[in-house]
$ cat target_38.txt   # compact mmCIF, C-alpha atoms
# COMPACT_ATOMS: atom_id res chain seq x y z
CA MET A 1 95.65 79.49 86.72
CA ASP A 2 97.71 79.21 89.91
CA LYS A 3 100.19 82.01 90.44
CA GLN A 4 103.89 81.22 90.48
CA PRO A 5 105.07 80.73 94.10
CA VAL A 6 107.39 83.28 95.73
CA SER A 7 110.14 80.65 95.96
CA GLU A 8 110.39 80.69 92.16
CA ARG A 9 110.43 84.48 91.94
CA VAL A 10 113.16 85.42 94.43
CA LEU A 11 115.73 87.58 92.65
CA TYR A 12 118.07 88.33 95.57
CA GLU A 13 118.23 87.19 99.17
CA ASP A 14 120.55 87.62 102.15
CA ASN A 15 120.18 88.13 105.90
CA HIS A 16 119.05 91.74 105.49
CA LEU A 17 117.17 91.99 102.19
CA ILE A 18 114.97 89.98 99.86
CA ALA A 19 113.88 90.99 96.35
CA VAL A 20 111.02 89.35 94.45
CA ASN A 21 109.66 89.64 90.91
CA LYS A 22 106.10 90.88 91.46
CA LEU A 23 103.27 89.57 89.29
CA PRO A 24 100.92 92.15 87.71
CA SER A 25 97.96 90.93 89.77
CA GLU A 26 99.61 91.33 93.18
CA ILE A 27 99.46 94.17 95.68
CA VAL A 28 102.72 94.84 97.53
CA GLN A 29 101.08 95.80 100.85
CA GLY A 30 97.64 95.13 102.30
CA ASP A 31 94.85 97.48 101.20
CA LYS A 32 91.05 97.84 101.33
CA THR A 33 90.56 94.95 98.87
CA GLY A 34 91.54 92.49 101.59
CA ASP A 35 93.55 90.47 99.04
CA THR A 36 96.67 88.75 100.36
CA PRO A 37 99.60 91.07 99.62
CA LEU A 38 102.98 90.02 98.30
CA SER A 39 104.53 91.06 101.63
CA GLU A 40 102.54 88.34 103.43
CA ASP A 41 103.49 85.70 100.85
CA VAL A 42 107.17 86.66 101.26
CA LYS A 43 106.86 86.39 105.07
CA GLN A 44 105.39 82.90 104.67
CA TYR A 45 108.22 81.93 102.31
CA ILE A 46 110.84 83.09 104.87
CA LYS A 47 109.01 81.37 107.75
CA GLU A 48 108.92 78.05 105.92
CA LYS A 49 112.41 78.20 104.41
CA TYR A 50 114.17 79.08 107.65
CA GLU A 51 111.69 77.29 109.97
CA LYS A 52 111.19 80.50 111.95
CA PRO A 53 108.92 80.31 115.00
CA GLY A 54 106.60 83.24 115.69
CA LYS A 55 106.23 86.32 113.56
CA VAL A 56 108.57 87.12 110.68
CA PHE A 57 109.80 90.72 110.31
CA LEU A 58 109.50 92.15 106.82
CA GLY A 59 109.73 95.84 105.98
CA VAL A 60 108.22 97.38 102.84
CA ILE A 61 110.83 99.71 101.30
CA HIS A 62 109.00 100.76 98.13
CA ARG A 63 105.90 99.79 96.20
CA ILE A 64 104.80 99.46 92.59
CA ASP A 65 101.20 99.68 91.36
CA ARG A 66 99.06 96.54 91.32
CA PRO A 67 98.87 96.17 87.49
CA VAL A 68 102.66 96.66 87.19
CA SER A 69 105.19 93.80 87.33
CA GLY A 70 108.82 93.70 88.37
CA VAL A 71 111.38 93.91 91.11
CA VAL A 72 110.31 94.80 94.66
CA VAL A 73 112.83 94.89 97.51
CA PHE A 74 111.89 94.15 101.13
CA ALA A 75 113.95 94.50 104.32
CA ARG A 76 114.41 91.46 106.56
CA THR A 77 115.75 93.48 109.52
CA SER A 78 114.75 96.79 111.10
CA LYS A 79 118.32 98.06 110.61
CA ALA A 80 118.15 97.35 106.89
CA LEU A 81 114.69 98.95 106.66
CA SER A 82 115.75 102.26 108.24
CA ARG A 83 118.90 102.45 106.10
CA MET A 84 117.05 101.56 102.90
CA ASN A 85 114.35 104.13 103.71
CA GLU A 86 117.13 106.72 103.92
CA LEU A 87 118.53 105.59 100.54
CA VAL A 88 115.10 106.00 98.95
CA LYS A 89 114.61 109.41 100.57
CA GLU A 90 118.00 110.59 99.29
CA ARG A 91 117.23 109.15 95.82
CA GLU A 92 120.15 106.74 96.05
CA MET A 93 118.14 103.77 94.80
CA ASP A 94 118.31 103.77 91.00
CA LYS A 95 115.17 102.40 89.33
CA ILE A 96 114.81 101.39 85.68
CA TYR A 97 111.41 100.57 84.16
CA TRP A 98 110.32 99.23 80.79
CA ALA A 99 107.09 100.45 79.21
CA ILE A 100 105.34 99.33 76.04
CA VAL A 101 103.49 102.15 74.29
CA LYS A 102 101.53 102.28 71.03
CA ASN A 103 102.44 105.81 69.95
CA ARG A 104 106.06 106.59 69.12
CA PRO A 105 107.31 109.54 71.18
CA ASP A 106 108.41 112.65 69.24
CA ASN A 107 111.94 112.34 70.60
CA PRO A 108 113.72 108.97 70.92
CA GLU A 109 115.39 110.17 74.13
CA ARG A 110 114.25 112.88 76.53
CA GLU A 111 113.98 114.07 80.12
CA LEU A 112 110.41 114.77 81.21
CA ARG A 113 109.55 117.25 83.96
CA HIS A 114 105.95 117.75 85.02
CA PHE A 115 104.08 118.98 88.05
CA LEU A 116 101.89 116.13 89.27
CA VAL A 117 98.65 116.65 91.16
CA ARG A 118 97.14 113.59 92.81
CA ASN A 119 93.37 113.15 92.87
CA GLU A 120 92.64 110.79 95.78
CA LYS A 121 89.00 110.17 94.80
CA LYS A 122 89.88 109.10 91.27
CA ASN A 123 93.17 107.47 92.40
CA LYS A 124 94.85 109.28 89.53
CA SER A 125 97.60 111.84 89.01
CA PHE A 126 97.41 114.67 86.52
CA ALA A 127 100.56 116.02 84.85
CA SER A 128 100.96 119.71 84.09
CA MET A 129 103.78 121.85 82.69
CA THR A 130 102.96 124.61 85.19
CA GLN A 131 103.08 124.64 88.97
CA LYS A 132 99.71 124.08 90.64
CA LYS A 133 98.56 124.03 94.25
CA GLY A 134 99.57 120.77 95.91
CA ALA A 135 101.63 119.63 92.90
CA LYS A 136 104.89 117.72 93.23
CA GLU A 137 107.56 117.74 90.56
CA GLY A 138 108.00 114.48 88.67
CA ILE A 139 111.19 113.84 86.71
CA LEU A 140 112.12 110.87 84.52
CA ARG A 141 114.28 110.12 81.52
CA TYR A 142 113.18 107.78 78.77
CA ARG A 143 114.93 106.20 75.83
CA LEU A 144 113.37 104.37 72.88
CA GLN A 145 114.82 100.87 73.09
CA LYS A 146 113.08 98.76 70.46
CA GLU A 147 110.13 98.82 68.07
CA SER A 148 107.68 96.30 66.62
CA LYS A 149 105.12 96.89 63.89
CA ASP A 150 102.60 98.39 66.31
CA TYR A 151 104.40 99.05 69.58
CA HIS A 152 107.46 100.75 71.05
CA LEU A 153 109.55 99.75 74.07
CA LEU A 154 110.75 102.62 76.26
CA GLU A 155 113.40 102.31 78.96
CA ILE A 156 112.71 104.75 81.78
CA GLU A 157 115.00 106.01 84.51
CA LEU A 158 112.80 107.17 87.36
CA LEU A 159 114.34 110.19 89.10
CA THR A 160 111.47 110.95 91.51
CA GLY A 161 108.92 108.59 93.00
CA ARG A 162 105.48 110.14 92.61
CA HIS A 163 102.03 108.52 92.53
CA HIS A 164 101.45 106.95 89.08
CA GLN A 165 104.33 109.08 87.82
CA ILE A 166 105.41 107.11 84.75
CA ARG A 167 101.82 106.46 83.72
CA ALA A 168 100.80 110.13 84.01
CA GLN A 169 103.92 111.57 82.38
CA LEU A 170 103.90 109.23 79.38
CA ALA A 171 100.17 109.90 78.89
CA ALA A 172 100.94 113.64 78.99
CA ILE A 173 103.22 113.31 75.94
CA GLY A 174 100.66 111.22 74.04
CA CYS A 175 102.17 107.82 74.85
CA PRO A 176 99.84 106.03 77.29
CA ILE A 177 101.08 102.59 78.37
CA LYS A 178 99.52 99.53 76.69
CA GLY A 179 96.52 98.35 78.69
CA ASP A 180 96.36 101.47 80.89
CA LEU A 181 92.71 102.54 80.46
CA LYS A 182 93.00 104.98 83.37
CA TYR A 183 95.58 107.02 81.47
CA GLY A 184 94.08 106.92 78.01
CA PHE A 185 94.97 103.62 76.35
CA ASP A 186 92.04 102.39 74.24
CA ARG A 187 91.71 98.84 75.58
CA SER A 188 92.76 96.76 78.55
CA ASN A 189 95.19 93.84 78.58
CA LYS A 190 93.49 90.45 78.93
CA ASP A 191 94.96 89.86 82.41
CA ALA A 192 94.13 93.43 83.61
CA SER A 193 97.85 94.25 83.74
CA ILE A 194 99.45 97.28 82.15
CA SER A 195 102.62 96.88 80.10
CA LEU A 196 104.88 98.58 82.63
CA HIS A 197 107.65 96.57 84.28
CA ALA A 198 110.11 97.47 87.04
CA ARG A 199 113.18 96.11 85.25
CA SER A 200 115.96 96.80 87.76
CA VAL A 201 117.01 98.48 90.99
CA SER A 202 120.56 99.39 91.97
CA PHE A 203 121.86 100.65 95.32
CA VAL A 204 124.64 100.29 97.88
CA HIS A 205 123.84 97.48 100.31
CA PRO A 206 122.79 99.01 103.65
CA VAL A 207 125.03 96.71 105.72
CA SER A 208 127.82 95.27 103.55
CA LYS A 209 128.17 98.54 101.55
CA GLU A 210 128.62 96.48 98.37
CA PRO A 211 126.98 97.74 95.16
CA ILE A 212 123.87 95.68 94.39
CA SER A 213 121.98 95.51 91.10
CA ILE A 214 118.85 93.37 90.81
CA LEU A 215 117.27 92.52 87.45
CA ALA A 216 113.75 91.19 86.83
CA ASN A 217 112.47 89.69 83.57
CA PRO A 218 109.02 90.83 82.41
CA PRO A 219 106.03 88.43 82.47
CA GLN A 220 105.83 85.79 79.76
CA ASP A 221 103.69 87.31 77.04
CA VAL A 222 103.96 87.45 73.25
CA LEU A 223 104.86 91.14 73.14
CA TRP A 224 107.26 91.12 76.10
CA ASP A 225 108.90 87.99 74.65
CA TYR A 226 109.36 89.78 71.32
CA PHE A 227 111.09 92.73 72.98
CA MET A 228 113.29 90.40 75.05
CA LEU A 229 114.75 88.72 71.94
$ encode --input "target_38.txt" --output "structure tokens"
Amino acid sequence: MDKQPVSERVLYEDNHLIAVNKLPSEIVQGDKTGDTPLSEDVKQYIKEKYEKPGKVFLGVIHRIDRPVSGVVVFARTSKALSRMNELVKEREMDKIYWAIVKNRPDNPERELRHFLVRNEKKNKSFASMTQKKGAKEGILRYRLQKESKDYHLLEIELLTGRHHQIRAQLAAIGCPIKGDLKYGFDRSNKDASISLHARSVSFVHPVSKEPISILANPPQDVLWDYFML
């Protein structure tokens, strides 16, 4: 099945920024797989739409894991990129995620704090309640949003941006994300996605200084559709 073109997935666009709803199969930036990243598809979209000669500038501000869907913001100018990088560094970009889990968490609402150790060889992060060598603190807040017969929808406010943070922290409390074999779910999703979606980002525009909030709908799927009703 052909993937939906970037032109149909643009969530926000101006002279300085562009935000796109990432598909679960896409990588944001080029990696060792050699697959065409979303960043290149967005450059091509800009080049064609605005009939730009030569190379198109596009800065990667933040990334989400390949099997994850949702909003990704890119910078269209170097000025916007440096200012947005500063916003991210100062934690002034608010990120909300949705996650579908099978096990109901003990508390319907809670702040999670773990020390996360990244294992490069396994491309996995391990969450611990105690400080360990090389660990970085991961903080998030979750709230139980909705329930079906077998699954639960959690809304997550990400307060730090660590490697596989949401996946590792939810697994640590016994709530691995649907489809996430790496973090303990019992079977994969048919499309190799995991049921984690970057629902929204909010920040002050780096140039206009206006408050911006960008919302992305999850992929069309029976379970996501149920939770969207």
$ closest_residue --input "target_38.txt" --among "A:Arg104, A:His62, A:Lys124, A:Lys146" --to "Ala19 (chain A)" --atoms "all atoms listed in the file"
A:His62
$ residues_near_point --input "target_38.txt" --point "(108.6, 95.6, 109.1)" --cutoff "9 Å" --atoms "only C-alpha atoms" --output "CSV table (one decimal) with C-alpha atoms, in the coordinates of the input"
chain,number,residue,atom,x,y,z
A,56,VAL,CA,108.6,87.1,110.7
A,57,PHE,CA,109.8,90.7,110.3
A,58,LEU,CA,109.5,92.2,106.8
A,59,GLY,CA,109.7,95.8,106.0
A,60,VAL,CA,108.2,97.4,102.8
A,74,PHE,CA,111.9,94.2,101.1
A,75,ALA,CA,114.0,94.5,104.3
A,76,ARG,CA,114.4,91.5,106.6
A,77,THR,CA,115.8,93.5,109.5
A,78,SER,CA,114.8,96.8,111.1
A,81,LEU,CA,114.7,99.0,106.7
$ residues_around --input "target_38.txt" --residues "Gly161 (chain A)" --least-positions-apart "4" --cutoff "12 Å" --atoms "only C-alpha atoms" --output "list in words"
His62, Arg63, Ile64, Asp65, Val88, Lys89, Glu90, Arg91, Glu92, Met93, Asp94, Lys95, Ile96, Leu116, Lys136, Glu137, Gly138, Ile139, Leu140, Glu157, Gln165, Ile166 and Arg167 of chain A
$ atom_distance --input "target_38.txt" --atom1 "CA of Glu48 (chain A)" --atom2 "CA of Val6 (chain A)"
11.6 Å
$ residues_around --input "target_38.txt" --residues "Pro206 (chain A)" --least-positions-apart "3" --cutoff "6 Å" --atoms "only C-alpha atoms" --output "ChimeraX atom specification"
/A:80,83,209
$ residues_around --input "target_38.txt" --residues "Asp191 (chain A)" --least-positions-apart "5" --cutoff "10 Å" --atoms "all atoms listed in the file" --output "PDB file with C-alpha atoms, keeping the file's coordinate frame"
ATOM      1  CA  PRO A  24     100.920  92.150  87.710  1.00  0.00           C
ATOM      2  CA  SER A  25      97.960  90.930  89.770  1.00  0.00           C
ATOM      3  CA  PRO A  67      98.870  96.170  87.490  1.00  0.00           C
ATOM      4  CA  GLY A 179      96.520  98.350  78.690  1.00  0.00           C
TER       5      GLY A 179
END
$ atom_distance --input "target_38.txt" --atom1 "CA of Ala216 (chain A)" --atom2 "CA of Gly30 (chain A)"
22.7 Å
$ atom_distance --input "target_38.txt" --atom1 "CA of Lys182 (chain A)" --atom2 "CA of Leu215 (chain A)"
27.6 Å
$ residues_around --input "target_38.txt" --residues "Ala171 (chain A)" --least-positions-apart "6" --cutoff "8 Å" --atoms "only C-alpha atoms" --output "CSV table (one decimal) with C-alpha atoms, in the frame of the given file"
chain,number,residue,atom,x,y,z
A,177,ILE,CA,101.1,102.6,78.4
A,183,TYR,CA,95.6,107.0,81.5
A,184,GLY,CA,94.1,106.9,78.0
$ closest_residue --input "target_38.txt" --among "A:Asp180, A:Asp221, A:Glu26, A:Glu109" --to "Ile156 (chain A)" --atoms "all atoms listed in the file"
A:Glu109
$ closest_residue --input "target_38.txt" --among "A:Lys22, A:Arg143, A:Arg118, A:His16" --to "Ile46 (chain A)" --atoms "only C-alpha atoms"
A:His16
$ axis_aligned_box --input "target_38.txt" --around "region 141-155 of chain A" --padding-each-side "6 Å" --output "lines of an AutoDock Vina configuration file"
center_x = 108.8
center_y = 103.2
center_z = 72.7
size_x = 24.3
size_y = 25.8
size_z = 29.6
$ residues_around --input "target_38.txt" --residues "Asp41 (chain A)" --least-positions-apart "4" --cutoff "10 Å" --atoms "only C-alpha atoms" --output "list in words"
Pro5, Val6, Ser7, Val28, Thr36, Pro37, Tyr45, Ile46 and Lys47 of chain A
$ closest_residue --input "target_38.txt" --among "A:Ser148, A:Ser208, A:Arg9, A:Val73" --to "Ser39 (chain A)" --atoms "only C-alpha atoms"
A:Val73
$ residues_near_point --input "target_38.txt" --point "(98.3, 98.5, 81.8)" --cutoff "8 Å" --atoms "all atoms listed in the file" --output "compact mmCIF listing (two decimals) with C-alpha atoms, in the frame of the given file"
# COMPACT_ATOMS: atom_id res chain seq x y z
CA PRO A 67 98.87 96.17 87.49
CA VAL A 68 102.66 96.66 87.19
CA ILE A 177 101.08 102.59 78.37
CA LYS A 178 99.52 99.53 76.69
CA GLY A 179 96.52 98.35 78.69
CA ASP A 180 96.36 101.47 80.89
CA LEU A 181 92.71 102.54 80.46
CA SER A 188 92.76 96.76 78.55
CA ASN A 189 95.19 93.84 78.58
CA ALA A 192 94.13 93.43 83.61
CA SER A 193 97.85 94.25 83.74
CA ILE A 194 99.45 97.28 82.15
CA SER A 195 102.62 96.88 80.10
CA LEU A 196 104.88 98.58 82.63
$ closest_residue --input "target_38.txt" --among "A:Gln220, A:Gln29, A:Asn21, A:Ser125" --to "Arg199 (chain A)" --atoms "only C-alpha atoms"
A:Asn21
$ closest_residue --input "target_38.txt" --among "A:Ala135, A:Phe185, A:Leu144, A:Ile100" --to "Asp225 (chain A)" --atoms "all atoms listed in the file"
A:Ile100
